[in-house]
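One file, target_6.pdb, is given below (PDB, C-alpha atoms).
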MODEL        1
ATOM      1  CA  MET J   2      54.522 309.025 -41.797  1.00  0.00           C
ATOM      2  CA  ILE J   3      53.271 309.695 -45.286  1.00  0.00           C
ATOM      3  CA  PRO J   4      54.722 312.849 -46.880  1.00  0.00           C
ATOM      4  CA  ASN J   5      52.244 315.584 -47.716  1.00  0.00           C
ATOM      5  CA  LYS J   6      51.983 314.871 -51.450  1.00  0.00           C
ATOM      6  CA  SER J   7      49.100 313.841 -53.645  1.00  0.00           C
ATOM      7  CA  ASN J   8      50.999 311.408 -55.903  1.00  0.00           C
ATOM      8  CA  PHE J   9      54.006 309.178 -55.398  1.00  0.00           C
ATOM      9  CA  LYS J  10      56.276 307.519 -57.925  1.00  0.00           C
ATOM     10  CA  PHE J  11      56.854 303.787 -57.631  1.00  0.00           C
ATOM     11  CA  GLN J  12      60.414 304.172 -56.366  1.00  0.00           C
ATOM     12  CA  GLU J  13      59.164 306.413 -53.531  1.00  0.00           C
ATOM     13  CA  LEU J  14      56.949 303.691 -52.072  1.00  0.00           C
ATOM     14  CA  THR J  15      59.594 301.435 -50.524  1.00  0.00           C
ATOM     15  CA  PRO J  16      61.138 304.141 -48.318  1.00  0.00           C
ATOM     16  CA  ILE J  17      57.671 305.286 -47.218  1.00  0.00           C
ATOM     17  CA  THR J  18      56.051 301.882 -46.649  1.00  0.00           C
ATOM     18  CA  GLY J  19      58.993 299.587 -45.957  1.00  0.00           C
ATOM     19  CA  VAL J  20      57.577 297.126 -48.493  1.00  0.00           C
ATOM     20  CA  LYS J  21      59.779 295.756 -51.276  1.00  0.00           C
ATOM     21  CA  PRO J  22      58.875 296.717 -54.870  1.00  0.00           C
ATOM     22  CA  TYR J  23      58.081 293.168 -56.012  1.00  0.00           C
ATOM     23  CA  VAL J  24      55.703 292.769 -53.063  1.00  0.00           C
ATOM     24  CA  ILE J  25      53.884 295.993 -53.968  1.00  0.00           C
ATOM     25  CA  ARG J  26      53.546 294.791 -57.572  1.00  0.00           C
ATOM     26  CA  PHE J  27      52.096 291.507 -56.340  1.00  0.00           C
ATOM     27  CA  TRP J  28      49.699 293.249 -53.958  1.00  0.00           C
ATOM     28  CA  GLU J  29      48.419 295.349 -56.868  1.00  0.00           C
ATOM     29  CA  THR J  30      47.159 292.116 -58.416  1.00  0.00           C
ATOM     30  CA  GLU J  31      45.638 290.853 -55.163  1.00  0.00           C
ATOM     31  CA  PHE J  32      44.002 293.932 -53.630  1.00  0.00           C
ATOM     32  CA  ASP J  33      41.552 296.264 -55.361  1.00  0.00           C
ATOM     33  CA  ASP J  34      42.503 299.040 -52.928  1.00  0.00           C
ATOM     34  CA  ILE J  35      45.789 299.670 -54.744  1.00  0.00           C
ATOM     35  CA  GLN J  36      44.989 301.332 -58.054  1.00  0.00           C
ATOM     36  CA  PRO J  37      47.829 303.444 -59.401  1.00  0.00           C
ATOM     37  CA  VAL J  38      47.228 305.649 -62.401  1.00  0.00           C
ATOM     38  CA  THR J  39      49.560 305.856 -65.360  1.00  0.00           C
ATOM     39  CA  SER J  40      50.935 309.267 -66.231  1.00  0.00           C
ATOM     40  CA  ASP J  41      51.215 310.572 -69.766  1.00  0.00           C
ATOM     41  CA  SER J  42      54.849 309.483 -69.725  1.00  0.00           C
ATOM     42  CA  GLY J  43      53.815 305.905 -68.824  1.00  0.00           C
ATOM     43  CA  GLN J  44      54.969 306.062 -65.202  1.00  0.00           C
ATOM     44  CA  LYS J  45      52.799 304.630 -62.426  1.00  0.00           C
ATOM     45  CA  LEU J  46      51.636 307.168 -59.892  1.00  0.00           C
ATOM     46  CA  TYR J  47      50.223 306.138 -56.531  1.00  0.00           C
ATOM     47  CA  GLY J  48      47.800 308.358 -54.671  1.00  0.00           C
ATOM     48  CA  ARG J  49      47.697 308.902 -50.955  1.00  0.00           C
ATOM     49  CA  LYS J  50      44.885 306.316 -50.657  1.00  0.00           C
ATOM     50  CA  ASP J  51      47.099 303.763 -52.408  1.00  0.00           C
ATOM     51  CA  VAL J  52      49.913 304.380 -49.912  1.00  0.00           C
ATOM     52  CA  GLU J  53      47.472 304.141 -46.991  1.00  0.00           C
ATOM     53  CA  ALA J  54      46.124 300.874 -48.425  1.00  0.00           C
ATOM     54  CA  ILE J  55      49.654 299.456 -48.727  1.00  0.00           C
ATOM     55  CA  LEU J  56      50.311 300.340 -45.090  1.00  0.00           C
ATOM     56  CA  LYS J  57      47.019 298.725 -43.980  1.00  0.00           C
ATOM     57  CA  ILE J  58      47.766 295.585 -45.982  1.00  0.00           C
ATOM     58  CA  LYS J  59      51.265 295.438 -44.530  1.00  0.00           C
ATOM     59  CA  LYS J  60      49.819 295.648 -41.015  1.00  0.00           C
ATOM     60  CA  LEU J  61      47.271 292.919 -41.684  1.00  0.00           C
ATOM     61  CA  LEU J  62      49.750 290.546 -43.326  1.00  0.00           C
ATOM     62  CA  PHE J  63      52.930 291.203 -41.362  1.00  0.00           C
ATOM     63  CA  ASP J  64      51.687 292.274 -37.919  1.00  0.00           C
ATOM     64  CA  GLU J  65      48.347 290.464 -37.652  1.00  0.00           C
ATOM     65  CA  LYS J  66      49.719 287.430 -39.584  1.00  0.00           C
ATOM     66  CA  LEU J  67      46.600 287.140 -41.756  1.00  0.00           C
ATOM     67  CA  THR J  68      46.553 285.307 -45.059  1.00  0.00           C
ATOM     68  CA  ILE J  69      46.008 287.250 -48.276  1.00  0.00           C
ATOM     69  CA  PRO J  70      42.368 286.095 -48.609  1.00  0.00           C
ATOM     70  CA  GLU J  71      41.685 287.103 -44.996  1.00  0.00           C
ATOM     71  CA  ALA J  72      43.336 290.489 -45.486  1.00  0.00           C
ATOM     72  CA  ARG J  73      41.480 290.986 -48.774  1.00  0.00           C
ATOM     73  CA  MET J  74      38.176 290.311 -47.032  1.00  0.00           C
ATOM     74  CA  LEU J  75      38.977 292.757 -44.255  1.00  0.00           C
ATOM     75  CA  MET J  76      40.165 295.411 -46.695  1.00  0.00           C
ATOM     76  CA  LYS J  77      36.847 295.206 -48.547  1.00  0.00           C
ATOM     77  CA  ASN J  78      34.976 295.922 -45.330  1.00  0.00           C
ATOM     78  CA  LEU J  79      37.576 298.085 -43.587  1.00  0.00           C
ATOM     79  CA  ASP J  80      35.897 301.401 -44.328  1.00  0.00           C
ATOM     80  CA  GLU J  81      32.708 300.163 -42.673  1.00  0.00           C
ATOM     81  CA  VAL J  82      34.396 298.672 -39.640  1.00  0.00           C
ATOM     82  CA  ASP J  83      36.081 300.524 -36.798  1.00  0.00           C
ATOM     83  CA  LYS J  84      39.248 299.315 -35.086  1.00  0.00           C
ATOM     84  CA  GLU J  85      37.327 297.248 -32.548  1.00  0.00           C
ATOM     85  CA  GLY J  86      35.426 295.636 -35.405  1.00  0.00           C
ATOM     86  CA  VAL J  87      38.676 294.716 -37.120  1.00  0.00           C
ATOM     87  CA  ALA J  88      39.987 293.221 -33.896  1.00  0.00           C
ATOM     88  CA  ALA J  89      36.762 291.249 -33.482  1.00  0.00           C
ATOM     89  CA  ALA J  90      36.906 290.033 -37.091  1.00  0.00           C
ATOM     90  CA  VAL J  91      40.552 288.993 -36.665  1.00  0.00           C
ATOM     91  CA  GLN J  92      39.637 287.169 -33.441  1.00  0.00           C
ATOM     92  CA  GLU J  93      36.725 285.421 -35.146  1.00  0.00           C
ATOM     93  CA  MET J  94      39.027 284.206 -37.924  1.00  0.00           C
ATOM     94  CA  ALA J  95      41.538 283.008 -35.330  1.00  0.00           C
ATOM     95  CA  ASP J  96      38.757 281.150 -33.502  1.00  0.00           C
ATOM     96  CA  ASP J  97      37.677 279.504 -36.767  1.00  0.00           C
ATOM     97  CA  GLN J  98      41.261 278.458 -37.422  1.00  0.00           C
ATOM     98  CA  ASN J  99      41.520 277.020 -33.904  1.00  0.00           C
ATOM     99  CA  VAL J 100      38.333 274.991 -34.419  1.00  0.00           C
ATOM    100  CA  ALA J 101      39.733 273.641 -37.687  1.00  0.00           C
ATOM    101  CA  LEU J 102      43.079 272.812 -36.041  1.00  0.00           C
ATOM    102  CA  ASN J 103      41.285 270.989 -33.215  1.00  0.00           C
ATOM    103  CA  MET J 104      39.329 268.947 -35.746  1.00  0.00           C
ATOM    104  CA  VAL J 105      42.529 268.026 -37.582  1.00  0.00           C
ATOM    105  CA  GLN J 106      44.213 267.079 -34.295  1.00  0.00           C
ATOM    106  CA  LYS J 107      41.276 264.861 -33.297  1.00  0.00           C
ATOM    107  CA  SER J 108      41.423 263.187 -36.714  1.00  0.00           C
ATOM    108  CA  LEU J 109      45.144 262.539 -36.333  1.00  0.00           C
ATOM    109  CA  ASP J 110      44.582 261.139 -32.843  1.00  0.00           C
ATOM    110  CA  LEU J 111      41.909 258.801 -34.203  1.00  0.00           C
ATOM    111  CA  ILE J 112      44.226 257.644 -37.000  1.00  0.00           C
ATOM    112  CA  ASN J 113      47.002 256.978 -34.497  1.00  0.00           C
ATOM    113  CA  GLU J 114      44.593 255.039 -32.277  1.00  0.00           C
ATOM    114  CA  ILE J 115      43.510 252.889 -35.225  1.00  0.00           C
ATOM    115  CA  LYS J 116      47.148 252.320 -36.213  1.00  0.00           C
ATOM    116  CA  PHE J 117      47.979 251.250 -32.650  1.00  0.00           C
ATOM    117  CA  LYS J 118      45.033 248.869 -32.402  1.00  0.00           C
ATOM    118  CA  ARG J 119      45.769 247.279 -35.772  1.00  0.00           C
ATOM    119  CA  LYS J 120      49.540 247.378 -35.189  1.00  0.00           C
ATOM    120  CA  TRP J 121      50.343 249.179 -38.466  1.00  0.00           C
TER     121      TRP J 121
ENDMDL
END

Would you put the structure from the file into structure tokens?
Amino acid sequence: MIPNKSNFKFQELTPITGVKPYVIRFWETEFDDIQPVTSDSGQKLYGRKDVEAILKIKKLLFDEKLTIPEARMLMKNLDEVDKEGVAAAVQEMADDQNVALNMVQKSLDLINEIKFKRKW
């Protein structure tokens, strides 16, 4: 649950999101959805949308087991897509990965067959 505040200091994010500080810093470089502002004193302040984005990214990466590029793509389109759309997009990516894995497996089988025939 996100506290009812408009801005959060960096050190407040870990208890709220459960994401380590170095991970949040890295995600700032990878996802356009996290855009903290700098206060007059030079301290980063994260808005409610930033915290919500961190939680969405965490769900996509940790729960859905997506890669960063996959999560980035979904985050770009997340506002336009409902939950069923996200599930369908995740399933489509999983299907694509399965097709690629099957192709790799067939290639390995062919290599092993050639090795066996040529006695390598």

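Residue nearest Gly43 of chain J, chosen from J:Leu61, J:Glu31, J:Phe11, J:Pro70 and counting all atoms listed in the file: J:Phe11.
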
**Request:** Check which residues satisfy the PyMOL selection byres ((chain J and resi 32) around 9) in the file shown, then give them as an NGL selection string.
**Result:** :J and (27-31 or 33-36 or 54 or 58 or 69 or 72-73 or 76-77)

**Asked** Of the candidates J:Leu75, J:Leu111, J:Ala89, J:Leu14, which one gets nearest to Lys57 of chain J if we count all atoms listed in the file?
**Response** J:Leu75

Starting from the displayed file, determine the output of the PyMOL selection byres ((chain J and resi 47) around 6) and express the residue list as an mmCIF file with C-alpha atoms, in the coordinates of the input.
data_model
loop_
_atom_site.group_PDB
_atom_site.id
_atom_site.type_symbol
_atom_site.label_atom_id
_atom_site.label_comp_id
_atom_site.auth_asym_id
_atom_site.auth_seq_id
_atom_site.Cartn_x
_atom_site.Cartn_y
_atom_site.Cartn_z
ATOM 1 C CA ASN J 8 50.999 311.408 -55.903
ATOM 2 C CA PHE J 9 54.006 309.178 -55.398
ATOM 3 C CA PRO J 37 47.829 303.444 -59.401
ATOM 4 C CA LEU J 46 51.636 307.168 -59.892
ATOM 5 C CA GLY J 48 47.800 308.358 -54.671
ATOM 6 C CA ASP J 51 47.099 303.763 -52.408
#

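Put simply, atom CA of Lys6 of chain J is 16.6 Å away from atom CA of Gln44 of chain J.
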
**Asked** From the list J:Val52, J:Val38, J:Val20, J:Leu62, which residue is nearest Met2 of chain J when using only C-alpha atoms?
**Response** J:Val52

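Atom to atom, atom CA of Pro16 of chain J and atom CA of Ile3 of chain J stand 10.1 Å apart.
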
**Request:** Calculate how many Å separate atom CA of Asn113 of chain J from atom CA of Val100 of chain J, rounding to one decimal.
**Result:** 20.0 Å
